[in-house]
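File shown: my_file.json. Contents: JSON, C-alpha atoms.
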```
[["chain", "number", "residue", "atom", "x", "y", "z"],
["A", 1, "MET", "CA", 10.10, -23.23, -24.36],
["A", 2, "LYS", "CA", 7.81, -25.83, -25.90],
["A", 3, "PRO", "CA", 4.43, -26.50, -24.19],
["A", 4, "ALA", "CA", 5.44, -30.08, -23.32],
["A", 5, "ALA", "CA", 8.67, -28.92, -21.66],
["A", 6, "ARG", "CA", 6.82, -26.18, -19.84],
["A", 7, "LEU", "CA", 4.25, -28.68, -18.55],
["A", 8, "THR", "CA", 7.00, -31.04, -17.37],
["A", 9, "LEU", "CA", 8.76, -28.20, -15.55],
["A", 10, "PHE", "CA", 5.47, -27.17, -13.93],
["A", 11, "GLY", "CA", 4.73, -30.78, -12.91],
["A", 12, "VAL", "CA", 8.11, -31.25, -11.24],
["A", 13, "ALA", "CA", 7.89, -27.87, -9.49],
["A", 14, "ALA", "CA", 4.29, -28.47, -8.35],
["A", 15, "VAL", "CA", 5.05, -31.92, -6.89],
["A", 16, "THR", "CA", 8.16, -30.61, -5.10],
["A", 17, "PHE", "CA", 6.22, -27.65, -3.75],
["A", 18, "ALA", "CA", 3.34, -29.87, -2.59],
["A", 19, "VAL", "CA", 5.74, -32.24, -0.78],
["A", 20, "ILE", "CA", 7.57, -29.39, 0.99],
["A", 21, "VAL", "CA", 4.38, -27.52, 1.99],
["A", 22, "GLY", "CA", 2.72, -30.78, 3.03],
["A", 23, "SER", "CA", 5.59, -31.80, 5.28],
["A", 24, "ALA", "CA", 5.74, -28.29, 6.77],
["A", 25, "VAL", "CA", 1.99, -28.26, 7.48],
["A", 26, "ALA", "CA", 2.16, -31.75, 9.00],
["A", 27, "ASP", "CA", 4.87, -30.45, 11.32],
["A", 28, "ILE", "CA", 2.74, -27.63, 12.77],
["A", 29, "ARG", "CA", 1.85, -28.27, 16.38],
["A", 30, "PRO", "CA", -0.60, -26.19, 18.39],
["A", 31, "ASN", "CA", 1.74, -23.77, 20.10],
["A", 32, "ASP", "CA", 0.21, -20.51, 21.20],
["A", 33, "TRP", "CA", 2.78, -19.40, 23.73],
["A", 34, "TYR", "CA", 4.09, -16.55, 21.58],
["A", 35, "ALA", "CA", 0.62, -15.10, 20.94],
["A", 36, "ASP", "CA", -0.27, -15.50, 24.61],
["A", 37, "PHE", "CA", 2.97, -13.85, 25.63],
["A", 38, "VAL", "CA", 2.43, -10.88, 23.31],
["A", 39, "ASN", "CA", -1.19, -10.48, 24.43],
["A", 40, "ARG", "CA", -0.15, -10.55, 28.09],
["A", 41, "VAL", "CA", 2.74, -8.16, 27.76],
["A", 42, "THR", "CA", 1.60, -5.30, 25.48],
["A", 43, "VAL", "CA", -0.87, -3.54, 27.76],
["A", 44, "PRO", "CA", 1.12, -3.55, 31.03],
["A", 45, "GLU", "CA", 4.50, -2.94, 29.36],
["A", 46, "ARG", "CA", 3.61, -0.50, 26.57],
["A", 47, "GLN", "CA", -0.03, 0.60, 27.10],
["A", 48, "ILE", "CA", -0.82, -0.68, 23.59],
["A", 49, "THR", "CA", -4.15, -2.44, 23.08],
["A", 50, "ASP", "CA", -3.53, -3.50, 19.46],
["A", 51, "ALA", "CA", -1.03, -6.34, 19.82],
["A", 52, "VAL", "CA", -0.27, -6.34, 16.08],
["A", 53, "THR", "CA", 0.98, -2.76, 16.24],
["A", 54, "ALA", "CA", 3.05, -3.65, 19.30],
["A", 55, "VAL", "CA", 4.70, -6.48, 17.37],
["A", 56, "ASN", "CA", 5.24, -4.38, 14.23],
["A", 57, "PHE", "CA", 6.60, -1.22, 15.77],
["A", 58, "ASP", "CA", 8.07, -2.34, 19.08],
["A", 59, "ILE", "CA", 8.81, -6.03, 19.56],
["A", 60, "ARG", "CA", 9.88, -6.51, 15.93],
["A", 61, "GLY", "CA", 10.32, -2.80, 15.23],
["A", 62, "PHE", "CA", 13.67, -3.28, 13.51],
["A", 63, "ASP", "CA", 12.12, -5.60, 10.89],
["A", 64, "THR", "CA", 9.49, -3.00, 10.10],
["A", 65, "LEU", "CA", 12.23, -0.41, 9.60],
["A", 66, "GLY", "CA", 13.65, -2.72, 6.93],
["A", 67, "GLU", "CA", 10.23, -3.14, 5.35],
["A", 68, "GLU", "CA", 9.75, 0.59, 5.26],
["A", 69, "PHE", "CA", 12.99, 1.01, 3.38],
["A", 70, "ILE", "CA", 11.89, -1.68, 0.93],
["A", 71, "MET", "CA", 8.90, 0.50, 0.11],
["A", 72, "PHE", "CA", 11.13, 3.59, -0.01],
["A", 73, "ALA", "CA", 13.47, 1.85, -2.46],
["A", 74, "SER", "CA", 10.60, 0.64, -4.68],
["A", 75, "VAL", "CA", 9.11, 4.11, -5.01],
["A", 76, "LEU", "CA", 12.60, 5.41, -5.75],
["A", 77, "GLY", "CA", 13.01, 2.72, -8.41],
["A", 78, "VAL", "CA", 9.78, 3.73, -10.17],
["A", 79, "ALA", "CA", 10.78, 7.38, -10.04],
["A", 80, "LEU", "CA", 14.16, 6.50, -11.53],
["A", 81, "LEU", "CA", 12.74, 4.30, -14.30],
["A", 82, "LEU", "CA", 10.12, 6.84, -15.38],
["A", 83, "ARG", "CA", 12.32, 9.93, -15.12],
["A", 84, "ARG", "CA", 12.43, 12.46, -17.88],
["A", 85, "HIS", "CA", 15.06, 11.50, -20.37],
["A", 86, "ARG", "CA", 17.55, 14.00, -21.66],
["A", 87, "ASP", "CA", 16.27, 13.78, -25.22],
["A", 88, "GLU", "CA", 12.64, 14.39, -24.31],
["A", 89, "ARG", "CA", 10.76, 17.57, -23.69],
["A", 90, "ASP", "CA", 7.36, 18.09, -22.13],
["A", 91, "GLY", "CA", 4.28, 18.90, -24.14],
["A", 92, "PRO", "CA", 1.04, 20.25, -22.69],
["A", 93, "PRO", "CA", -0.48, 17.97, -20.04],
["A", 94, "ARG", "CA", -3.28, 16.47, -22.08],
["A", 95, "ASP", "CA", -3.95, 13.45, -24.18],
["A", 96, "ARG", "CA", -3.30, 14.34, -27.79],
["A", 97, "ALA", "CA", -4.61, 11.17, -29.38],
["A", 98, "GLN", "CA", -6.43, 12.25, -32.52],
["A", 99, "GLY", "CA", -10.21, 11.97, -32.55],
["A", 100, "ARG", "CA", -10.33, 10.74, -28.99],
["A", 101, "ASP", "CA", -11.01, 13.68, -26.76],
["A", 102, "ILE", "CA", -11.55, 12.54, -23.21],
["A", 103, "PRO", "CA", -14.96, 13.78, -22.02],
["A", 104, "PRO", "CA", -14.90, 15.74, -18.74],
["A", 105, "PRO", "CA", -16.30, 13.83, -15.75],
["A", 106, "SER", "CA", -20.03, 14.16, -15.18],
["A", 107, "ASP", "CA", -21.41, 16.44, -12.47],
["A", 108, "ALA", "CA", -22.44, 13.42, -10.38],
["A", 109, "VAL", "CA", -18.88, 12.06, -10.37],
["A", 110, "ARG", "CA", -17.46, 15.48, -9.56],
["A", 111, "ILE", "CA", -19.82, 16.09, -6.63],
["A", 112, "LEU", "CA", -19.34, 12.60, -5.21],
["A", 113, "THR", "CA", -15.54, 12.65, -5.41],
["A", 114, "VAL", "CA", -15.17, 16.20, -4.07],
["A", 115, "ALA", "CA", -17.56, 15.39, -1.21],
["A", 116, "LEU", "CA", -15.54, 12.29, -0.38],
["A", 117, "VAL", "CA", -12.15, 14.05, -0.12],
["A", 118, "GLY", "CA", -12.78, 15.50, 3.35],
["A", 119, "PRO", "CA", -14.09, 12.31, 5.01],
["A", 120, "VAL", "CA", -11.29, 10.25, 3.42],
["A", 121, "VAL", "CA", -8.59, 12.58, 4.80],
["A", 122, "LEU", "CA", -10.24, 12.52, 8.23],
["A", 123, "PHE", "CA", -10.56, 8.72, 8.18],
["A", 124, "GLY", "CA", -6.92, 8.35, 7.12],
["A", 125, "ILE", "CA", -5.73, 10.54, 9.97],
["A", 126, "TYR", "CA", -8.00, 8.59, 12.36],
["A", 127, "VAL", "CA", -6.54, 5.25, 11.26],
["A", 128, "VAL", "CA", -2.95, 6.53, 11.61],
["A", 129, "ALA", "CA", -3.60, 8.12, 15.01],
["A", 130, "HIS", "CA", -5.32, 5.06, 16.49],
["A", 131, "GLY", "CA", -2.77, 2.49, 15.36],
["A", 132, "GLN", "CA", -1.84, 1.55, 18.92],
["A", 133, "VAL", "CA", -5.47, 1.39, 20.09],
["A", 134, "THR", "CA", -7.43, -0.33, 17.30],
["A", 135, "PRO", "CA", -6.54, -2.29, 14.16],
["A", 136, "GLY", "CA", -4.88, -0.08, 11.60],
["A", 137, "GLY", "CA", -1.86, 2.16, 11.86],
["A", 138, "GLY", "CA", 0.58, 4.12, 9.80],
["A", 139, "PHE", "CA", 0.63, 1.83, 6.81],
["A", 140, "GLN", "CA", -3.11, 1.40, 6.34],
["A", 141, "GLY", "CA", -3.87, 5.01, 7.24],
["A", 142, "GLY", "CA", -1.17, 6.22, 4.86],
["A", 143, "VAL", "CA", -2.75, 4.38, 1.93],
["A", 144, "VAL", "CA", -6.18, 5.74, 2.86],
["A", 145, "LEU", "CA", -4.71, 9.26, 2.95],
["A", 146, "ALA", "CA", -3.10, 8.68, -0.45],
["A", 147, "THR", "CA", -6.51, 8.04, -2.02],
["A", 148, "ALA", "CA", -7.58, 11.65, -1.39],
["A", 149, "PRO", "CA", -5.44, 13.04, -4.26],
["A", 150, "LEU", "CA", -6.72, 10.22, -6.45],
["A", 151, "LEU", "CA", -10.28, 11.41, -5.76],
["A", 152, "ILE", "CA", -9.26, 14.95, -6.72],
["A", 153, "TYR", "CA", -7.86, 13.59, -9.98],
["A", 154, "LEU", "CA", -11.06, 11.61, -10.64],
["A", 155, "ALA", "CA", -13.03, 14.84, -10.20],
["A", 156, "GLY", "CA", -11.14, 16.12, -13.24],
["A", 157, "GLU", "CA", -9.00, 18.52, -11.26],
["A", 158, "TYR", "CA", -5.53, 17.53, -12.40],
["A", 159, "GLN", "CA", -4.26, 21.08, -12.01],
["A", 160, "SER", "CA", -5.61, 21.31, -8.43],
["A", 161, "LEU", "CA", -3.92, 17.99, -7.70],
["A", 162, "CYS", "CA", -0.58, 19.38, -8.88],
["A", 163, "ARG", "CA", -1.11, 22.48, -6.73],
["A", 164, "LEU", "CA", -2.26, 20.62, -3.60],
["A", 165, "ALA", "CA", 0.27, 17.82, -3.74],
["A", 166, "PRO", "CA", 3.31, 19.09, -5.62],
["A", 167, "ARG", "CA", 6.01, 16.57, -6.26],
["A", 168, "TRP", "CA", 8.65, 18.22, -4.06],
["A", 169, "LEU", "CA", 6.25, 18.14, -1.09],
["A", 170, "MET", "CA", 5.48, 14.43, -1.54],
["A", 171, "GLU", "CA", 9.17, 13.63, -1.99],
["A", 172, "SER", "CA", 9.93, 15.50, 1.25],
["A", 173, "ALA", "CA", 7.08, 13.72, 3.08],
["A", 174, "GLU", "CA", 8.34, 10.34, 1.98],
["A", 175, "ALA", "CA", 11.94, 11.12, 2.88],
["A", 176, "LEU", "CA", 10.94, 12.66, 6.22],
["A", 177, "GLY", "CA", 8.78, 9.63, 7.06],
["A", 178, "ALA", "CA", 11.48, 7.09, 6.22],
["A", 179, "GLY", "CA", 14.20, 9.10, 7.97],
["A", 180, "GLY", "CA", 11.93, 9.86, 10.93],
["A", 181, "TYR", "CA", 11.56, 6.17, 11.78],
["A", 182, "ALA", "CA", 15.33, 5.78, 11.94],
["A", 183, "ILE", "CA", 15.67, 9.01, 13.95],
["A", 184, "VAL", "CA", 13.06, 7.87, 16.52],
["A", 185, "GLY", "CA", 15.04, 4.66, 16.85],
["A", 186, "ALA", "CA", 18.33, 6.53, 17.17],
["A", 187, "ILE", "CA", 16.92, 8.81, 19.90],
["A", 188, "GLY", "CA", 15.98, 5.63, 21.74],
["A", 189, "MET", "CA", 19.62, 4.57, 21.47],
["A", 190, "LEU", "CA", 20.84, 7.89, 22.89],
["A", 191, "ARG", "CA", 18.32, 8.16, 25.71],
["A", 192, "ALA", "CA", 17.60, 4.55, 26.63],
["A", 193, "GLU", "CA", 20.65, 2.64, 25.39],
["A", 194, "ARG", "CA", 18.97, 0.49, 22.74],
["A", 195, "PHE", "CA", 17.85, 1.17, 19.17],
["A", 196, "LEU", "CA", 14.06, 1.72, 19.02],
["A", 197, "GLU", "CA", 13.80, 1.55, 22.82],
["A", 198, "ASN", "CA", 10.78, 3.51, 24.05],
["A", 199, "TRP", "CA", 11.71, 7.05, 25.19],
["A", 200, "MET", "CA", 8.35, 8.82, 25.36],
["A", 201, "PRO", "CA", 5.74, 8.87, 28.12],
["A", 202, "LEU", "CA", 3.59, 5.73, 27.74],
["A", 203, "GLY", "CA", 0.22, 7.29, 28.59],
["A", 204, "ARG", "CA", -2.78, 5.14, 29.43],
["A", 205, "ALA", "CA", -3.90, 2.15, 27.37],
["A", 206, "GLY", "CA", -6.84, 3.04, 25.11],
["A", 207, "ASP", "CA", -6.01, 6.74, 24.80],
["A", 208, "VAL", "CA", -5.00, 8.28, 21.48],
["A", 209, "PHE", "CA", -1.80, 9.45, 23.11],
["A", 210, "SER", "CA", -0.52, 6.15, 24.39],
["A", 211, "GLY", "CA", 2.12, 3.64, 23.46],
["A", 212, "GLY", "CA", 5.09, 6.01, 23.79],
["A", 213, "SER", "CA", 7.35, 6.19, 20.76],
["A", 214, "VAL", "CA", 5.24, 3.55, 18.97],
["A", 215, "ALA", "CA", 2.66, 6.28, 18.32],
["A", 216, "LEU", "CA", 5.37, 8.53, 16.92],
["A", 217, "ILE", "CA", 6.64, 5.75, 14.66],
["A", 218, "ASP", "CA", 3.04, 5.24, 13.50],
["A", 219, "TRP", "CA", 2.99, 8.85, 12.29],
["A", 220, "THR", "CA", 6.34, 8.60, 10.50],
["A", 221, "VAL", "CA", 5.16, 5.43, 8.71],
["A", 222, "GLY", "CA", 1.89, 7.14, 7.78],
["A", 223, "LEU", "CA", 3.83, 10.09, 6.35],
["A", 224, "GLU", "CA", 6.17, 7.82, 4.42],
["A", 225, "VAL", "CA", 3.45, 5.60, 2.96],
["A", 226, "ALA", "CA", 1.12, 8.49, 2.04],
["A", 227, "GLY", "CA", 4.00, 10.44, 0.47],
["A", 228, "GLY", "CA", 5.29, 7.40, -1.39],
["A", 229, "PHE", "CA", 1.92, 6.40, -2.80],
["A", 230, "ILE", "CA", 1.00, 9.93, -3.88],
["A", 231, "LEU", "CA", 4.43, 10.22, -5.48],
["A", 232, "LEU", "CA", 3.79, 7.01, -7.43],
["A", 233, "LEU", "CA", 0.41, 8.38, -8.48],
["A", 234, "LEU", "CA", 1.94, 11.69, -9.60],
["A", 235, "ILE", "CA", 4.71, 9.97, -11.56],
["A", 236, "PHE", "CA", 2.29, 7.64, -13.34],
["A", 237, "LEU", "CA", -0.23, 10.41, -14.07],
["A", 238, "GLU", "CA", 2.52, 12.59, -15.46],
["A", 239, "GLU", "CA", 3.67, 9.70, -17.62],
["A", 240, "THR", "CA", 0.14, 9.21, -18.89],
["A", 241, "LEU", "CA", -0.94, 12.80, -19.35],
["A", 242, "VAL", "CA", 2.16, 14.77, -20.25],
["A", 243, "ARG", "CA", 3.31, 14.08, -23.73],
["A", 244, "ARG", "CA", 7.03, 13.73, -24.09],
["A", 245, "ASP", "CA", 8.31, 14.29, -27.57],
["A", 246, "PRO", "CA", 11.80, 13.38, -28.61],
["A", 247, "ALA", "CA", 13.54, 16.73, -28.96],
["B", 1, "MET", "CA", -13.81, -23.49, 11.59],
["B", 2, "ASN", "CA", -17.33, -22.21, 11.12],
["B", 3, "GLY", "CA", -19.52, -22.18, 8.03],
["B", 4, "LEU", "CA", -18.68, -18.61, 7.01],
["B", 5, "GLN", "CA", -14.97, -19.35, 7.09],
["B", 6, "ILE", "CA", -15.38, -22.42, 4.90],
["B", 7, "LEU", "CA", -17.57, -20.44, 2.49],
["B", 8, "ILE", "CA", -15.06, -17.61, 2.16],
["B", 9, "LEU", "CA", -12.19, -20.08, 1.66],
["B", 10, "LEU", "CA", -14.11, -21.73, -1.19],
["B", 11, "MET", "CA", -14.90, -18.33, -2.72],
["B", 12, "VAL", "CA", -11.27, -17.24, -2.49],
["B", 13, "ALA", "CA", -10.22, -20.47, -4.22],
["B", 14, "GLY", "CA", -12.83, -20.01, -6.96],
["B", 15, "PHE", "CA", -12.11, -16.37, -7.64],
["B", 16, "GLY", "CA", -8.36, -17.06, -7.52],
["B", 17, "LEU", "CA", -8.93, -19.32, -10.52],
["B", 18, "ALA", "CA", -10.98, -16.55, -12.16],
["B", 19, "VAL", "CA", -8.07, -14.10, -11.69],
["B", 20, "VAL", "CA", -5.67, -16.54, -13.35],
["B", 21, "LEU", "CA", -8.06, -17.25, -16.23],
["B", 22, "THR", "CA", -8.66, -13.54, -16.97],
["B", 23, "ARG", "CA", -6.37, -12.80, -19.89],
["B", 24, "ASP", "CA", -7.23, -9.18, -20.72],
["B", 25, "PRO", "CA", -5.19, -6.88, -18.42],
["B", 26, "LEU", "CA", -7.97, -4.28, -18.31],
["B", 27, "HIS", "CA", -10.50, -6.86, -17.10],
["B", 28, "LEU", "CA", -7.84, -8.23, -14.77],
["B", 29, "ALA", "CA", -7.64, -4.90, -12.90],
["B", 30, "VAL", "CA", -11.33, -5.16, -11.99],
["B", 31, "VAL", "CA", -11.31, -8.90, -11.23],
["B", 32, "ALA", "CA", -8.17, -8.57, -9.10],
["B", 33, "SER", "CA", -9.73, -5.67, -7.22],
["B", 34, "PHE", "CA", -12.76, -7.80, -6.35],
["B", 35, "TYR", "CA", -10.44, -10.66, -5.37],
["B", 36, "GLY", "CA", -8.59, -8.22, -3.09],
["B", 37, "ILE", "CA", -11.84, -7.38, -1.28],
["B", 38, "LEU", "CA", -12.61, -11.10, -0.91],
["B", 39, "LEU", "CA", -9.17, -11.71, 0.60],
["B", 40, "GLY", "CA", -9.81, -8.81, 2.98],
["B", 41, "VAL", "CA", -13.09, -10.39, 4.10],
["B", 42, "MET", "CA", -11.28, -13.71, 4.55],
["B", 43, "PHE", "CA", -8.62, -12.15, 6.80],
["B", 44, "PHE", "CA", -11.38, -10.43, 8.77],
["B", 45, "LEU", "CA", -13.28, -13.68, 9.28],
["B", 46, "PHE", "CA", -10.08, -15.32, 10.51],
["B", 47, "GLN", "CA", -9.71, -12.58, 13.13],
["B", 48, "ALA", "CA", -6.90, -10.60, 11.52],
["B", 49, "PRO", "CA", -8.42, -7.11, 11.11],
["B", 50, "ASP", "CA", -5.00, -5.46, 10.77],
["B", 51, "VAL", "CA", -4.09, -7.61, 7.79],
["B", 52, "ALA", "CA", -7.63, -7.20, 6.41],
["B", 53, "LEU", "CA", -7.21, -3.41, 6.37],
["B", 54, "SER", "CA", -3.84, -3.64, 4.62],
["B", 55, "GLN", "CA", -5.25, -6.16, 2.15],
["B", 56, "ILE", "CA", -8.23, -3.99, 1.24],
["B", 57, "THR", "CA", -6.15, -0.83, 0.79],
["B", 58, "ILE", "CA", -3.42, -2.54, -1.23],
["B", 59, "GLY", "CA", -5.16, -5.42, -2.99],
["B", 60, "ALA", "CA", -8.46, -3.78, -3.79],
["B", 61, "LEU", "CA", -7.19, -0.24, -4.32],
["B", 62, "ALA", "CA", -3.52, 0.34, -4.96],
["B", 63, "LEU", "CA", -2.83, -2.74, -7.10],
["B", 64, "PRO", "CA", -5.66, -2.21, -9.64],
["B", 65, "LEU", "CA", -4.79, 1.48, -9.76],
["B", 66, "MET", "CA", -1.16, 0.71, -10.62],
["B", 67, "VAL", "CA", -2.27, -1.81, -13.26],
["B", 68, "LEU", "CA", -4.62, 0.76, -14.83],
["B", 69, "LEU", "CA", -2.00, 3.52, -14.82],
["B", 70, "ALA", "CA", 0.62, 1.22, -16.31],
["B", 71, "LEU", "CA", -1.87, 0.15, -19.02],
["B", 72, "ALA", "CA", -2.65, 3.79, -19.81],
["B", 73, "LYS", "CA", 1.07, 4.47, -20.14],
["B", 74, "ILE", "CA", 1.66, 1.47, -22.42],
["B", 75, "ARG", "CA", -1.32, 2.18, -24.68],
["B", 76, "ARG", "CA", -0.34, 5.81, -25.06],
["B", 77, "THR", "CA", 3.19, 4.86, -26.06],
["B", 78, "GLU", "CA", 1.83, 2.39, -28.61],
["B", 79, "ARG", "CA", -0.57, 4.92, -30.08],
["B", 80, "SER", "CA", 2.09, 7.58, -30.57],
["B", 81, "ARG", "CA", 4.19, 5.19, -32.65]]
```
Give the structure from the file, written as structure tokens.
Amino acid sequence: MKPAARLTLFGVAAVTFAVIVGSAVADIRPNDWYADFVNRVTVPERQITDAVTAVNFDIRGFDTLGEEFIMFASVLGVALLLRRHRDERDGPPRDRAQGRDIPPPSDAVRILTVALVGPVVLFGIYVVAHGQVTPGGGFQGGVVLATAPLLIYLAGEYQSLCRLAPRWLMESAEALGAGGYAIVGAIGMLRAERFLENWMPLGRAGDVFSGGSVALIDWTVGLEVAGGFILLLLIFLEETLVRRDPA
Amino acid sequence: MNGLQILILLMVAGFGLAVVLTRDPLHLAVVASFYGILLGVMFFLFQAPDVALSQITIGALALPLMVLLALAKIRRTERSR
């Protein structure tokens, strides 16, 4: 496409977009009844103090199930695209670019990253476990948990990473997390008539063990997200480090 | 809207332009990471801590990481040719 044509296309699209967004914004009226309703209902009905988690995993729990499978499908897509081809075989897991040996990480980097692994894992578990009490939850906590293997890799311990987080384990965690969400919902259908209906004791608002099945869903999402992200990391690292020669 | 909120909105607009104008993908990973943190601060200042947490973990962490790993993969493939 020529620059002039591209600019014309952009101009038309930008003006159309501005008109549509402008009219939509002009149409917004102050209407807080939904937020008020959610804020009023979550503590007495579900013992959940973080209204966002209540919306994500209970009130609109079915939407989140769909979102989780979007993530599941994307990780699956990457794994499929970067799979080992039939006419390739693995070389040793190191960069074999000539004259460019990668220096090992310095002692400072190693100490810092290794020291950070423990706190990061603890913080990730904290964020997942307190999803129904404070901001955070399975998704955010799962990503925090997934950074622990990255720290191990940064410390220069690729082999330890492969031992600690083998691919089959991460694949199982991701599958278990994604399936677990649906199973929690299905149990709700069996025990309380509706899909994703709460079927666990609600506990007391503000406790770690509160919110009923929302807390359980939080854990399945955390498992799925952590597994999925670590799987992505493993796939990409393998792609980068393991040399694949055409057989 | 208070002063901090206006300031962060202006910063987000400015650094958004910087992200678009960064042409080198390697530099982009760093600039986009910083932009992700800024967006996180913006969400926090507008009282959305849940979204801020997601934004920081994804925008400032996972996205640049994926860009870097993809770059490493591409460069290695080019070198072996």
Counting all atoms listed in the file, which residues in range 56-146 of chain A sit no more than 10 Å from range 57-74 of chain B? For each one, give the nearest pair of atoms and the distance in Å, sorted by chain then residue number, as a Markdown table.
```
| residue | atom | partner | partner_atom | distance |
| --- | --- | --- | --- | --- |
| A:Phe139 | CA | B:Thr57 | CA | 9.4 |
| A:Gln140 | CA | B:Thr57 | CA | 6.7 |
| A:Gly141 | CA | B:Thr57 | CA | 9.0 |
| A:Gly142 | CA | B:Thr57 | CA | 9.5 |
| A:Val143 | CA | B:Thr57 | CA | 6.3 |
| A:Val144 | CA | B:Thr57 | CA | 6.9 |
| A:Ala146 | CA | B:Ala62 | CA | 9.5 |
```
Review point. If we count all atoms listed in the file, which residues of chain A reach to within 6 Å of chain B? Please list them as a ChimeraX atom specification.
Key: /A:135-136,140,240
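CA of Asn198 in chain A sits 6.2 Å away from CA of Gly212 in chain A.
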Residues near range 201-208 of chain A, cut-off 7 Å, only C-alpha atoms, skip fewer than 3 positions along chain, as an mmCIF file with C-alpha atoms, keeping the file's coordinate frame:
```
data_model
loop_
_atom_site.group_PDB
_atom_site.id
_atom_site.type_symbol
_atom_site.label_atom_id
_atom_site.label_comp_id
_atom_site.auth_asym_id
_atom_site.auth_seq_id
_atom_site.Cartn_x
_atom_site.Cartn_y
_atom_site.Cartn_z
ATOM 1 C CA VAL A 43 -0.870 -3.540 27.760
ATOM 2 C CA ARG A 46 3.610 -0.500 26.570
ATOM 3 C CA GLN A 47 -0.030 0.600 27.100
ATOM 4 C CA ILE A 48 -0.820 -0.680 23.590
ATOM 5 C CA THR A 49 -4.150 -2.440 23.080
ATOM 6 C CA ALA A 129 -3.600 8.120 15.010
ATOM 7 C CA HIS A 130 -5.320 5.060 16.490
ATOM 8 C CA VAL A 133 -5.470 1.390 20.090
ATOM 9 C CA GLY A 211 2.120 3.640 23.460
ATOM 10 C CA GLY A 212 5.090 6.010 23.790
#
```
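The interatomic distance for the pair CA of Leu39 in chain B and CA of Ala18 in chain A works out to 22.3 Å.
Comparing the minimum interatomic distances between Ile183 in chain A and each of A:Ile217, A:Val25, A:Ile235, A:Leu150, counting all atoms listed in the file, we find that A:Ile217 sits nearest.
Between CA of Gly137 in chain A and CA of Asn2 in chain B lies a distance of 28.9 Å.
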